[in-house]
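Peer 1: Below is the file upload02.cif, with mmCIF, C-alpha atoms, pLDDT in the B column; chains and numbers go by the auth columns.
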data_upload
#
loop_
_atom_site.group_PDB
_atom_site.id
_atom_site.type_symbol
_atom_site.label_atom_id
_atom_site.label_comp_id
_atom_site.label_asym_id
_atom_site.label_seq_id
_atom_site.Cartn_x
_atom_site.Cartn_y
_atom_site.Cartn_z
_atom_site.B_iso_or_equiv
_atom_site.auth_seq_id
_atom_site.auth_asym_id
ATOM 1 C CA MET A 1 -25.094 22.188 12.173 47.00 1 A
ATOM 2 C CA LEU A 2 -23.270 22.424 15.491 46.00 2 A
ATOM 3 C CA GLU A 3 -26.479 23.543 17.221 54.00 3 A
ATOM 4 C CA PHE A 4 -28.334 20.562 15.716 51.00 4 A
ATOM 5 C CA PHE A 5 -25.864 18.011 17.060 49.00 5 A
ATOM 6 C CA THR A 6 -25.688 19.804 20.420 52.00 6 A
ATOM 7 C CA GLU A 7 -29.467 19.700 20.774 55.00 7 A
ATOM 8 C CA LEU A 8 -29.522 16.054 19.708 54.00 8 A
ATOM 9 C CA ALA A 9 -26.919 15.192 22.322 55.00 9 A
ATOM 10 C CA LYS A 10 -28.794 17.108 25.032 58.00 10 A
ATOM 11 C CA ASN A 11 -31.948 15.146 24.288 60.00 11 A
ATOM 12 C CA ALA A 12 -29.940 11.933 24.502 60.00 12 A
ATOM 13 C CA LEU A 13 -28.474 12.986 27.847 59.00 13 A
ATOM 14 C CA GLN A 14 -31.958 13.661 29.192 63.00 14 A
ATOM 15 C CA ALA A 15 -32.900 10.141 28.187 60.00 15 A
ATOM 16 C CA PHE A 16 -29.832 8.734 29.988 58.00 16 A
ATOM 17 C CA ASN A 17 -30.557 10.771 33.108 57.00 17 A
ATOM 18 C CA GLY A 18 -34.126 9.502 32.988 56.00 18 A
ATOM 19 C CA GLY A 19 -32.840 5.942 33.139 54.00 19 A
ATOM 20 C CA HIS A 20 -34.116 4.872 29.733 67.00 20 A
ATOM 21 C CA PRO A 21 -32.316 1.650 28.703 76.00 21 A
ATOM 22 C CA ILE A 22 -33.305 2.263 25.070 78.00 22 A
ATOM 23 C CA ALA A 23 -31.041 5.318 25.037 75.00 23 A
ATOM 24 C CA LEU A 24 -28.091 3.217 26.182 80.00 24 A
ATOM 25 C CA LEU A 25 -28.977 0.540 23.637 84.00 25 A
ATOM 26 C CA LEU A 26 -29.008 3.189 20.905 81.00 26 A
ATOM 27 C CA LEU A 27 -25.590 4.398 22.033 82.00 27 A
ATOM 28 C CA PHE A 28 -24.350 0.795 21.971 88.00 28 A
ATOM 29 C CA ALA A 29 -25.663 0.383 18.410 88.00 29 A
ATOM 30 C CA ILE A 30 -24.077 3.625 17.179 86.00 30 A
ATOM 31 C CA SER A 31 -20.643 2.672 18.516 89.00 31 A
ATOM 32 C CA ALA A 32 -20.934 -0.858 17.066 91.00 32 A
ATOM 33 C CA LEU A 33 -21.938 0.451 13.638 89.00 33 A
ATOM 34 C CA THR A 34 -19.104 2.975 13.724 88.00 34 A
ATOM 35 C CA GLU A 35 -16.679 0.077 14.151 89.00 35 A
ATOM 36 C CA ILE A 36 -17.836 -1.545 10.926 86.00 36 A
ATOM 37 C CA GLY A 37 -17.491 1.661 8.931 80.00 37 A
ATOM 38 C CA ILE A 38 -20.868 3.417 9.220 81.00 38 A
ATOM 39 C CA PRO A 39 -20.069 6.985 10.345 75.00 39 A
ATOM 40 C CA PHE A 40 -22.089 9.066 12.794 74.00 40 A
ATOM 41 C CA PRO A 41 -20.163 12.363 12.656 66.00 41 A
ATOM 42 C CA PHE A 42 -19.961 14.503 15.788 69.00 42 A
ATOM 43 C CA ILE A 43 -22.732 12.675 17.660 72.00 43 A
ATOM 44 C CA LEU A 44 -20.553 10.706 20.080 77.00 44 A
ATOM 45 C CA ASP A 45 -18.019 13.522 20.536 76.00 45 A
ATOM 46 C CA THR A 46 -20.751 16.036 21.336 72.00 46 A
ATOM 47 C CA LEU A 47 -22.515 13.625 23.654 75.00 47 A
ATOM 48 C CA LEU A 48 -19.375 12.861 25.665 77.00 48 A
ATOM 49 C CA ILE A 49 -18.419 16.518 26.062 73.00 49 A
ATOM 50 C CA LEU A 50 -21.897 17.375 27.276 72.00 50 A
ATOM 51 C CA ALA A 51 -21.888 14.312 29.534 72.00 51 A
ATOM 52 C CA GLY A 52 -18.760 15.598 31.258 71.00 52 A
ATOM 53 C CA TYR A 53 -20.423 18.981 31.554 70.00 53 A
ATOM 54 C CA GLU A 54 -23.771 18.107 33.106 68.00 54 A
ATOM 55 C CA THR A 55 -24.154 14.367 33.796 65.00 55 A
ATOM 56 C CA GLY A 56 -23.687 12.467 37.063 64.00 56 A
ATOM 57 C CA ILE A 57 -20.952 9.914 37.724 69.00 57 A
ATOM 58 C CA MET A 58 -23.272 6.923 37.413 71.00 58 A
ATOM 59 C CA GLN A 59 -24.654 8.104 34.083 76.00 59 A
ATOM 60 C CA ILE A 60 -21.140 8.750 32.767 80.00 60 A
ATOM 61 C CA GLY A 61 -20.157 5.220 33.744 83.00 61 A
ATOM 62 C CA LEU A 62 -23.155 3.772 31.904 83.00 62 A
ATOM 63 C CA ILE A 63 -22.402 5.865 28.815 84.00 63 A
ATOM 64 C CA MET A 64 -18.762 4.759 28.723 88.00 64 A
ATOM 65 C CA LEU A 65 -19.715 1.130 29.304 91.00 65 A
ATOM 66 C CA SER A 66 -22.300 1.206 26.514 89.00 66 A
ATOM 67 C CA LEU A 67 -19.784 2.720 24.114 91.00 67 A
ATOM 68 C CA MET A 68 -17.094 0.212 25.057 95.00 68 A
ATOM 69 C CA LEU A 69 -19.378 -2.790 24.665 95.00 69 A
ATOM 70 C CA GLY A 70 -20.596 -1.516 21.308 94.00 70 A
ATOM 71 C CA ARG A 71 -17.021 -1.123 20.103 95.00 71 A
ATOM 72 C CA GLU A 72 -16.142 -4.598 21.334 96.00 72 A
ATOM 73 C CA VAL A 73 -19.076 -6.155 19.467 96.00 73 A
ATOM 74 C CA GLY A 74 -18.560 -4.197 16.239 95.00 74 A
ATOM 75 C CA ALA A 75 -14.815 -4.804 16.178 95.00 75 A
ATOM 76 C CA SER A 76 -15.330 -8.485 17.007 96.00 76 A
ATOM 77 C CA ALA A 77 -17.502 -8.920 13.922 94.00 77 A
ATOM 78 C CA ILE A 78 -14.773 -7.416 11.723 92.00 78 A
ATOM 79 C CA TYR A 79 -12.036 -9.382 13.504 93.00 79 A
ATOM 80 C CA TRP A 80 -13.650 -12.804 13.106 93.00 80 A
ATOM 81 C CA LEU A 81 -14.630 -12.143 9.515 89.00 81 A
ATOM 82 C CA ALA A 82 -11.056 -11.117 8.706 86.00 82 A
ATOM 83 C CA ARG A 83 -9.702 -14.116 10.609 87.00 83 A
ATOM 84 C CA LEU A 84 -11.952 -16.598 8.793 87.00 84 A
ATOM 85 C CA VAL A 85 -11.717 -15.166 5.284 83.00 85 A
ATOM 86 C CA GLY A 86 -8.242 -13.624 5.500 74.00 86 A
ATOM 87 C CA LYS A 87 -6.736 -11.963 2.452 72.00 87 A
ATOM 88 C CA VAL A 88 -9.977 -12.248 0.465 74.00 88 A
ATOM 89 C CA PHE A 89 -11.656 -10.045 3.065 69.00 89 A
ATOM 90 C CA VAL A 90 -8.746 -7.602 2.943 71.00 90 A
ATOM 91 C CA ASN A 91 -9.125 -7.260 -0.824 72.00 91 A
ATOM 92 C CA ARG A 92 -12.822 -6.575 -0.485 71.00 92 A
ATOM 93 C CA ILE A 93 -12.615 -4.105 2.371 67.00 93 A
ATOM 94 C CA SER A 94 -9.704 -2.284 0.698 68.00 94 A
ATOM 95 C CA LYS A 95 -12.166 -1.055 -1.902 70.00 95 A
ATOM 96 C CA ARG A 96 -13.967 0.874 0.857 67.00 96 A
ATOM 97 C CA PHE A 97 -10.903 1.623 2.987 63.00 97 A
ATOM 98 C CA PRO A 98 -7.813 1.986 0.706 65.00 98 A
ATOM 99 C CA VAL A 99 -5.635 2.637 3.749 62.00 99 A
ATOM 100 C CA VAL A 100 -6.146 -1.002 4.778 63.00 100 A
ATOM 101 C CA ARG A 101 -3.968 -2.337 1.970 64.00 101 A
ATOM 102 C CA ASN A 102 -1.395 0.460 2.325 65.00 102 A
ATOM 103 C CA ARG A 103 -0.947 -0.049 6.052 68.00 103 A
ATOM 104 C CA MET A 104 -1.523 -3.804 6.464 71.00 104 A
ATOM 105 C CA GLU A 105 2.120 -4.874 6.668 68.00 105 A
ATOM 106 C CA TRP A 106 2.977 -1.913 8.895 70.00 106 A
ATOM 107 C CA LEU A 107 0.069 -2.702 11.211 75.00 107 A
ATOM 108 C CA GLU A 108 0.927 -6.395 11.394 72.00 108 A
ATOM 109 C CA ALA A 109 4.486 -5.548 12.409 73.00 109 A
ATOM 110 C CA LYS A 110 3.291 -3.135 15.084 75.00 110 A
ATOM 111 C CA LEU A 111 0.638 -5.446 16.511 77.00 111 A
ATOM 112 C CA LYS A 112 3.142 -8.249 17.072 73.00 112 A
ATOM 113 C CA HIS A 113 4.865 -6.255 19.838 71.00 113 A
ATOM 114 C CA ARG A 114 3.052 -5.301 23.049 72.00 114 A
ATOM 115 C CA ALA A 115 -0.133 -6.378 21.303 83.00 115 A
ATOM 116 C CA PRO A 116 -2.911 -4.885 23.531 89.00 116 A
ATOM 117 C CA LEU A 117 -1.136 -1.539 23.811 88.00 117 A
ATOM 118 C CA ALA A 118 -0.310 -1.601 20.086 87.00 118 A
ATOM 119 C CA VAL A 119 -3.981 -2.206 19.292 90.00 119 A
ATOM 120 C CA ALA A 120 -4.973 0.745 21.481 90.00 120 A
ATOM 121 C CA ILE A 121 -2.418 3.067 19.871 88.00 121 A
ATOM 122 C CA ALA A 122 -3.447 2.013 16.366 86.00 122 A
ATOM 123 C CA ARG A 123 -7.129 2.600 17.163 89.00 123 A
ATOM 124 C CA LEU A 124 -6.365 6.078 18.490 86.00 124 A
ATOM 125 C CA THR A 125 -4.561 6.947 15.241 82.00 125 A
ATOM 126 C CA PRO A 126 -6.920 8.688 12.773 76.00 126 A
ATOM 127 C CA GLY A 127 -7.803 6.458 9.851 75.00 127 A
ATOM 128 C CA LEU A 128 -6.670 3.194 11.474 80.00 128 A
ATOM 129 C CA LEU A 129 -9.751 2.216 13.478 85.00 129 A
ATOM 130 C CA THR A 130 -11.081 -0.416 11.074 84.00 130 A
ATOM 131 C CA PRO A 131 -7.721 -1.288 9.441 82.00 131 A
ATOM 132 C CA SER A 132 -6.199 -2.186 12.815 86.00 132 A
ATOM 133 C CA THR A 133 -9.049 -4.612 13.506 90.00 133 A
ATOM 134 C CA VAL A 134 -8.712 -6.162 10.051 86.00 134 A
ATOM 135 C CA ALA A 135 -4.962 -6.558 10.532 85.00 135 A
ATOM 136 C CA ALA A 136 -5.513 -8.216 13.919 88.00 136 A
ATOM 137 C CA GLY A 137 -7.855 -10.756 12.331 88.00 137 A
ATOM 138 C CA VAL A 138 -5.675 -11.508 9.310 85.00 138 A
ATOM 139 C CA MET A 139 -2.580 -12.089 11.436 84.00 139 A
ATOM 140 C CA ASN A 140 -4.568 -14.233 13.937 86.00 140 A
ATOM 141 C CA LEU A 141 -3.818 -11.938 16.838 88.00 141 A
ATOM 142 C CA ARG A 142 -5.110 -13.385 20.092 89.00 142 A
ATOM 143 C CA TYR A 143 -8.713 -12.305 20.515 93.00 143 A
ATOM 144 C CA TRP A 144 -8.314 -11.166 24.095 93.00 144 A
ATOM 145 C CA TYR A 145 -5.452 -8.898 22.996 92.00 145 A
ATOM 146 C CA LEU A 146 -7.918 -7.138 20.717 93.00 146 A
ATOM 147 C CA LEU A 147 -10.533 -6.843 23.455 95.00 147 A
ATOM 148 C CA VAL A 148 -8.045 -5.363 25.934 95.00 148 A
ATOM 149 C CA GLY A 149 -6.725 -2.942 23.316 94.00 149 A
ATOM 150 C CA ILE A 150 -10.252 -1.793 22.496 95.00 150 A
ATOM 151 C CA ALA A 151 -11.001 -1.262 26.186 95.00 151 A
ATOM 152 C CA ILE A 152 -7.824 0.801 26.683 95.00 152 A
ATOM 153 C CA SER A 153 -8.436 3.003 23.647 94.00 153 A
ATOM 154 C CA SER A 154 -12.111 3.410 24.536 94.00 154 A
ATOM 155 C CA VAL A 155 -11.351 4.627 28.047 93.00 155 A
ATOM 156 C CA ILE A 156 -8.639 7.011 26.813 92.00 156 A
ATOM 157 C CA ALA A 157 -10.659 8.515 23.960 89.00 157 A
ATOM 158 C CA ASP A 158 -13.850 8.906 25.988 88.00 158 A
ATOM 159 C CA SER A 159 -12.042 10.268 29.060 88.00 159 A
ATOM 160 C CA VAL A 160 -10.401 13.049 27.047 84.00 160 A
ATOM 161 C CA LEU A 161 -13.776 14.293 25.814 81.00 161 A
ATOM 162 C CA LEU A 162 -15.346 13.926 29.264 82.00 162 A
ATOM 163 C CA ILE A 163 -12.514 15.949 30.812 81.00 163 A
ATOM 164 C CA ILE A 164 -13.023 18.684 28.229 76.00 164 A
ATOM 165 C CA GLY A 165 -16.702 18.813 29.107 74.00 165 A
ATOM 166 C CA PHE A 166 -15.990 18.738 32.839 75.00 166 A
ATOM 167 C CA GLY A 167 -13.393 21.502 32.520 73.00 167 A
ATOM 168 C CA ALA A 168 -15.788 23.664 30.556 69.00 168 A
ATOM 169 C CA GLY A 169 -18.487 23.057 33.144 68.00 169 A
ATOM 170 C CA GLN A 170 -16.192 24.003 36.024 68.00 170 A
ATOM 171 C CA GLY A 171 -15.153 27.138 34.179 67.00 171 A
ATOM 172 C CA ILE A 172 -18.764 28.120 33.688 65.00 172 A
ATOM 173 C CA LYS A 173 -19.675 27.456 37.315 64.00 173 A
ATOM 174 C CA ASN A 174 -16.589 28.783 39.123 68.00 174 A
ATOM 175 C CA LEU A 175 -15.229 31.461 36.821 65.00 175 A
ATOM 176 C CA GLY A 176 -18.488 32.891 35.642 63.00 176 A
ATOM 177 C CA LEU A 177 -17.799 32.054 32.005 60.00 177 A
ATOM 178 C CA PRO A 178 -20.735 32.273 29.567 60.00 178 A
ATOM 179 C CA VAL A 179 -22.661 29.121 28.718 56.00 179 A
ATOM 180 C CA TRP A 180 -21.550 29.257 25.093 56.00 180 A
ATOM 181 C CA THR A 181 -18.094 28.154 26.301 60.00 181 A
ATOM 182 C CA ILE A 182 -19.236 24.548 26.013 60.00 182 A
ATOM 183 C CA ALA A 183 -20.225 25.121 22.382 61.00 183 A
ATOM 184 C CA VAL A 184 -16.790 26.610 21.707 64.00 184 A
ATOM 185 C CA ALA A 185 -15.143 23.561 23.297 62.00 185 A
ATOM 186 C CA ILE A 186 -17.175 21.247 21.075 62.00 186 A
ATOM 187 C CA ALA A 187 -16.290 23.286 17.986 65.00 187 A
ATOM 188 C CA LEU A 188 -12.583 23.185 18.872 70.00 188 A
ATOM 189 C CA VAL A 189 -12.617 19.414 19.344 64.00 189 A
ATOM 190 C CA ILE A 190 -14.378 18.914 16.016 62.00 190 A
ATOM 191 C CA ALA A 191 -11.988 21.292 14.248 66.00 191 A
ATOM 192 C CA LEU A 192 -8.987 19.512 15.779 68.00 192 A
ATOM 193 C CA GLY A 193 -10.348 16.153 14.666 62.00 193 A
ATOM 194 C CA TRP A 194 -10.815 17.419 11.127 61.00 194 A
ATOM 195 C CA ALA A 195 -7.288 18.841 11.067 67.00 195 A
ATOM 196 C CA ILE A 196 -5.717 15.598 12.276 63.00 196 A
ATOM 197 C CA GLN A 197 -7.667 13.488 9.804 59.00 197 A
ATOM 198 C CA ALA A 198 -6.758 15.828 6.935 59.00 198 A
ATOM 199 C CA LEU A 199 -3.078 15.686 7.911 66.00 199 A
ATOM 200 C CA VAL A 200 -3.088 11.886 8.093 58.00 200 A
ATOM 201 C CA ALA A 201 -4.922 11.607 4.768 54.00 201 A
ATOM 202 C CA ARG A 202 -2.387 13.954 3.137 60.00 202 A
ATOM 203 C CA ARG A 203 0.542 11.945 4.481 61.00 203 A
ATOM 204 C CA ASN A 204 -1.024 8.727 3.227 52.00 204 A
ATOM 205 C CA SER A 205 -1.554 10.224 -0.224 49.00 205 A
ATOM 206 C CA ARG A 206 2.049 11.439 -0.406 54.00 206 A
ATOM 207 C CA SER A 207 3.462 8.092 0.713 51.00 207 A
ATOM 208 C CA LYS A 208 1.319 6.276 -1.812 45.00 208 A
ATOM 209 C CA ALA A 209 2.336 8.597 -4.644 44.00 209 A
ATOM 210 C CA SER A 210 6.057 8.541 -3.847 48.00 210 A
ATOM 211 C CA PRO A 211 8.125 5.953 -5.742 44.00 211 A
ATOM 212 C CA LYS A 212 9.357 2.931 -3.821 44.00 212 A
#
Please express what this file holds, its structure, as C-alpha cells.
Peer 2:
Amino acid sequence: MLEFFTELAKNALQAFNGGHPIALLLLFAISALTEIGIPFPFILDTLLILAGYETGIMQIGLIMLSLMLGREVGASAIYWLARLVGKVFVNRISKRFPVVRNRMEWLEAKLKHRAPLAVAIARLTPGLLTPSTVAAGVMNLRYWYLLVGIAISSVIADSVLLIIGFGAGQGIKNLGLPVWTIAVAIALVIALGWAIQALVARRNSRSKASPK
C-alpha cells in the first residue's frame, strides 16, 4: 500500500513540475474535501514529503498555497453552515463525528482566548479538525480569526512534512544513504500519525465512559 501511495504522489509531483494547473486544482479539491470530512489517507502526507525531497522552491510554494486555499474554502463551508444553523447542525454532524458534541464546550472556551492561535492549535490536534471549525461557527467566532488560524496551522503542518522530505533528500545526497530512506521516513510519519490518533481516540473513549 505504501508503494501505491508513493507512486501516486510521484506522478502528482511530475504533474506539478510540468506546470499543469489541473494538478494544483486537484490538490485544492482534495484539501477542501478533507475539511468537510471526506478522508484521503496518506496522499497529502506522502506528497508533501516527496515534495520536500525532490521539488523546487516555486513548486513547493504552489503546493502549499493550493493546500491552504483548499482548507480555507472547505472550512469556510462548514463554518458558515454551523453559524447559520447552529445547534441543529451540531446535532446532525455529531452523528458522524461524536467528538464534536463531547468537545464543543471545551473548544468554545479555548477559542475565546487568543482566537487565531487557538484555532491553529485545535486544528493541529488529532480528531479536532472539523470539530474546531464547527465550534467556531456555533460560537460566532470572527471569520477572519478562523482564516488566520487555518493559515497558521496549514503552514506548520505542511512545513513539518516538507522538512522531513528535505532532510531525507539531503541525507541521501550528502551522506550516501540509500534511496529507500525516503520510504522509511514516509512510513514513520504514517505510523506516528496512527499512534497519535489511536491515543487521542482512547483518551476520548475513557473520558466519555468515566462518570461525571
Peer 1: Within 7 Å of Leu48 (chain A), counting all atoms listed in the file, which residues show up once you throw out same-chain ones fewer than 4 positions away? Write them as a list in words, please.
Peer 2: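 That gives Leu44, Gly52, Asp158, Leu161 and Leu162 of chain A.
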Peer 1: Taking (-19.5, 10.3, 20.8) in the coordinates of the supplied file, I want to know which residues reach to within 10 Å of it, counting all atoms listed in the file; could you give the answer as a count of residues only?
Peer 2: 22
Peer 1: For the PyMOL selection byres ((chain A and resi 72) around 12), applied here, can you spell out every residue it catches as a PyMOL selection string?
Peer 2: chain A and resi 28-29+31-36+65-71+73-80+133+143-154
Peer 1: Go ahead and dump the residues you just picked, C-alpha atoms, as a PDB file, in the coordinates of the input.
Peer 2:
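Final output, out_39.pdb:
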ATOM      1  CA  PHE A  28     -24.350   0.795  21.971  1.00 88.00           C
ATOM      2  CA  ALA A  29     -25.663   0.383  18.410  1.00 88.00           C
ATOM      3  CA  SER A  31     -20.643   2.672  18.516  1.00 89.00           C
ATOM      4  CA  ALA A  32     -20.934  -0.858  17.066  1.00 91.00           C
ATOM      5  CA  LEU A  33     -21.938   0.451  13.638  1.00 89.00           C
ATOM      6  CA  THR A  34     -19.104   2.975  13.724  1.00 88.00           C
ATOM      7  CA  GLU A  35     -16.679   0.077  14.151  1.00 89.00           C
ATOM      8  CA  ILE A  36     -17.836  -1.545  10.926  1.00 86.00           C
ATOM      9  CA  LEU A  65     -19.715   1.130  29.304  1.00 91.00           C
ATOM     10  CA  SER A  66     -22.300   1.206  26.514  1.00 89.00           C
ATOM     11  CA  LEU A  67     -19.784   2.720  24.114  1.00 91.00           C
ATOM     12  CA  MET A  68     -17.094   0.212  25.057  1.00 95.00           C
ATOM     13  CA  LEU A  69     -19.378  -2.790  24.665  1.00 95.00           C
ATOM     14  CA  GLY A  70     -20.596  -1.516  21.308  1.00 94.00           C
ATOM     15  CA  ARG A  71     -17.021  -1.123  20.103  1.00 95.00           C
ATOM     16  CA  VAL A  73     -19.076  -6.155  19.467  1.00 96.00           C
ATOM     17  CA  GLY A  74     -18.560  -4.197  16.239  1.00 95.00           C
ATOM     18  CA  ALA A  75     -14.815  -4.804  16.178  1.00 95.00           C
ATOM     19  CA  SER A  76     -15.330  -8.485  17.007  1.00 96.00           C
ATOM     20  CA  ALA A  77     -17.502  -8.920  13.922  1.00 94.00           C
ATOM     21  CA  ILE A  78     -14.773  -7.416  11.723  1.00 92.00           C
ATOM     22  CA  TYR A  79     -12.036  -9.382  13.504  1.00 93.00           C
ATOM     23  CA  TRP A  80     -13.650 -12.804  13.106  1.00 93.00           C
ATOM     24  CA  THR A 133      -9.049  -4.612  13.506  1.00 90.00           C
ATOM     25  CA  TYR A 143      -8.713 -12.305  20.515  1.00 93.00           C
ATOM     26  CA  TRP A 144      -8.314 -11.166  24.095  1.00 93.00           C
ATOM     27  CA  TYR A 145      -5.452  -8.898  22.996  1.00 92.00           C
ATOM     28  CA  LEU A 146      -7.918  -7.138  20.717  1.00 93.00           C
ATOM     29  CA  LEU A 147     -10.533  -6.843  23.455  1.00 95.00           C
ATOM     30  CA  VAL A 148      -8.045  -5.363  25.934  1.00 95.00           C
ATOM     31  CA  GLY A 149      -6.725  -2.942  23.316  1.00 94.00           C
ATOM     32  CA  ILE A 150     -10.252  -1.793  22.496  1.00 95.00           C
ATOM     33  CA  ALA A 151     -11.001  -1.262  26.186  1.00 95.00           C
ATOM     34  CA  ILE A 152      -7.824   0.801  26.683  1.00 95.00           C
ATOM     35  CA  SER A 153      -8.436   3.003  23.647  1.00 94.00           C
ATOM     36  CA  SER A 154     -12.111   3.410  24.536  1.00 94.00           C
TER      37      SER A 154
END
Peer 1: Using CA of Ile38 (chain A) and CA of Leu129 (chain A) as the two end points, give the distance in Å to one decimal.
Peer 2: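 Separation of CA of Ile38 (chain A) and CA of Leu129 (chain A): 12.0 Å.
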Peer 1: With all atoms listed in the file as the basis for distance, which of A:Leu62, A:Arg92, A:Leu107, A:Ile22 is at the shortest distance from Gly137 (chain A)?
Peer 2: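 The shortest atom-to-atom distance to Gly137 (chain A) comes from A:Leu107.
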Peer 1: Nearest residue to Ala122 (chain A) out of A:Met139, A:Leu24, A:Met104, A:Arg83, using only C-alpha atoms?
Peer 2: A:Met104
Peer 1: So, with all atoms listed in the file as the atoms that count, which of A:Leu128, A:Ala118, A:Ile163, A:Ala109 lies closest to Tyr53 (chain A)?
Peer 2: A:Ile163
Peer 1: To one decimal place, how far is CA of Ala135 (chain A) from CA of Lys110 (chain A) in Å?
Peer 2: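 Taking CA of Ala135 (chain A) and CA of Lys110 (chain A), their separation equals 10.0 Å.
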Peer 1: What does the distance from CA of Gly86 (chain A) to CA of Lys112 (chain A) come to in Å, to one decimal?
Peer 2: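 Spanning CA of Gly86 (chain A) to CA of Lys112 (chain A) is a straight-line distance of 17.1 Å.
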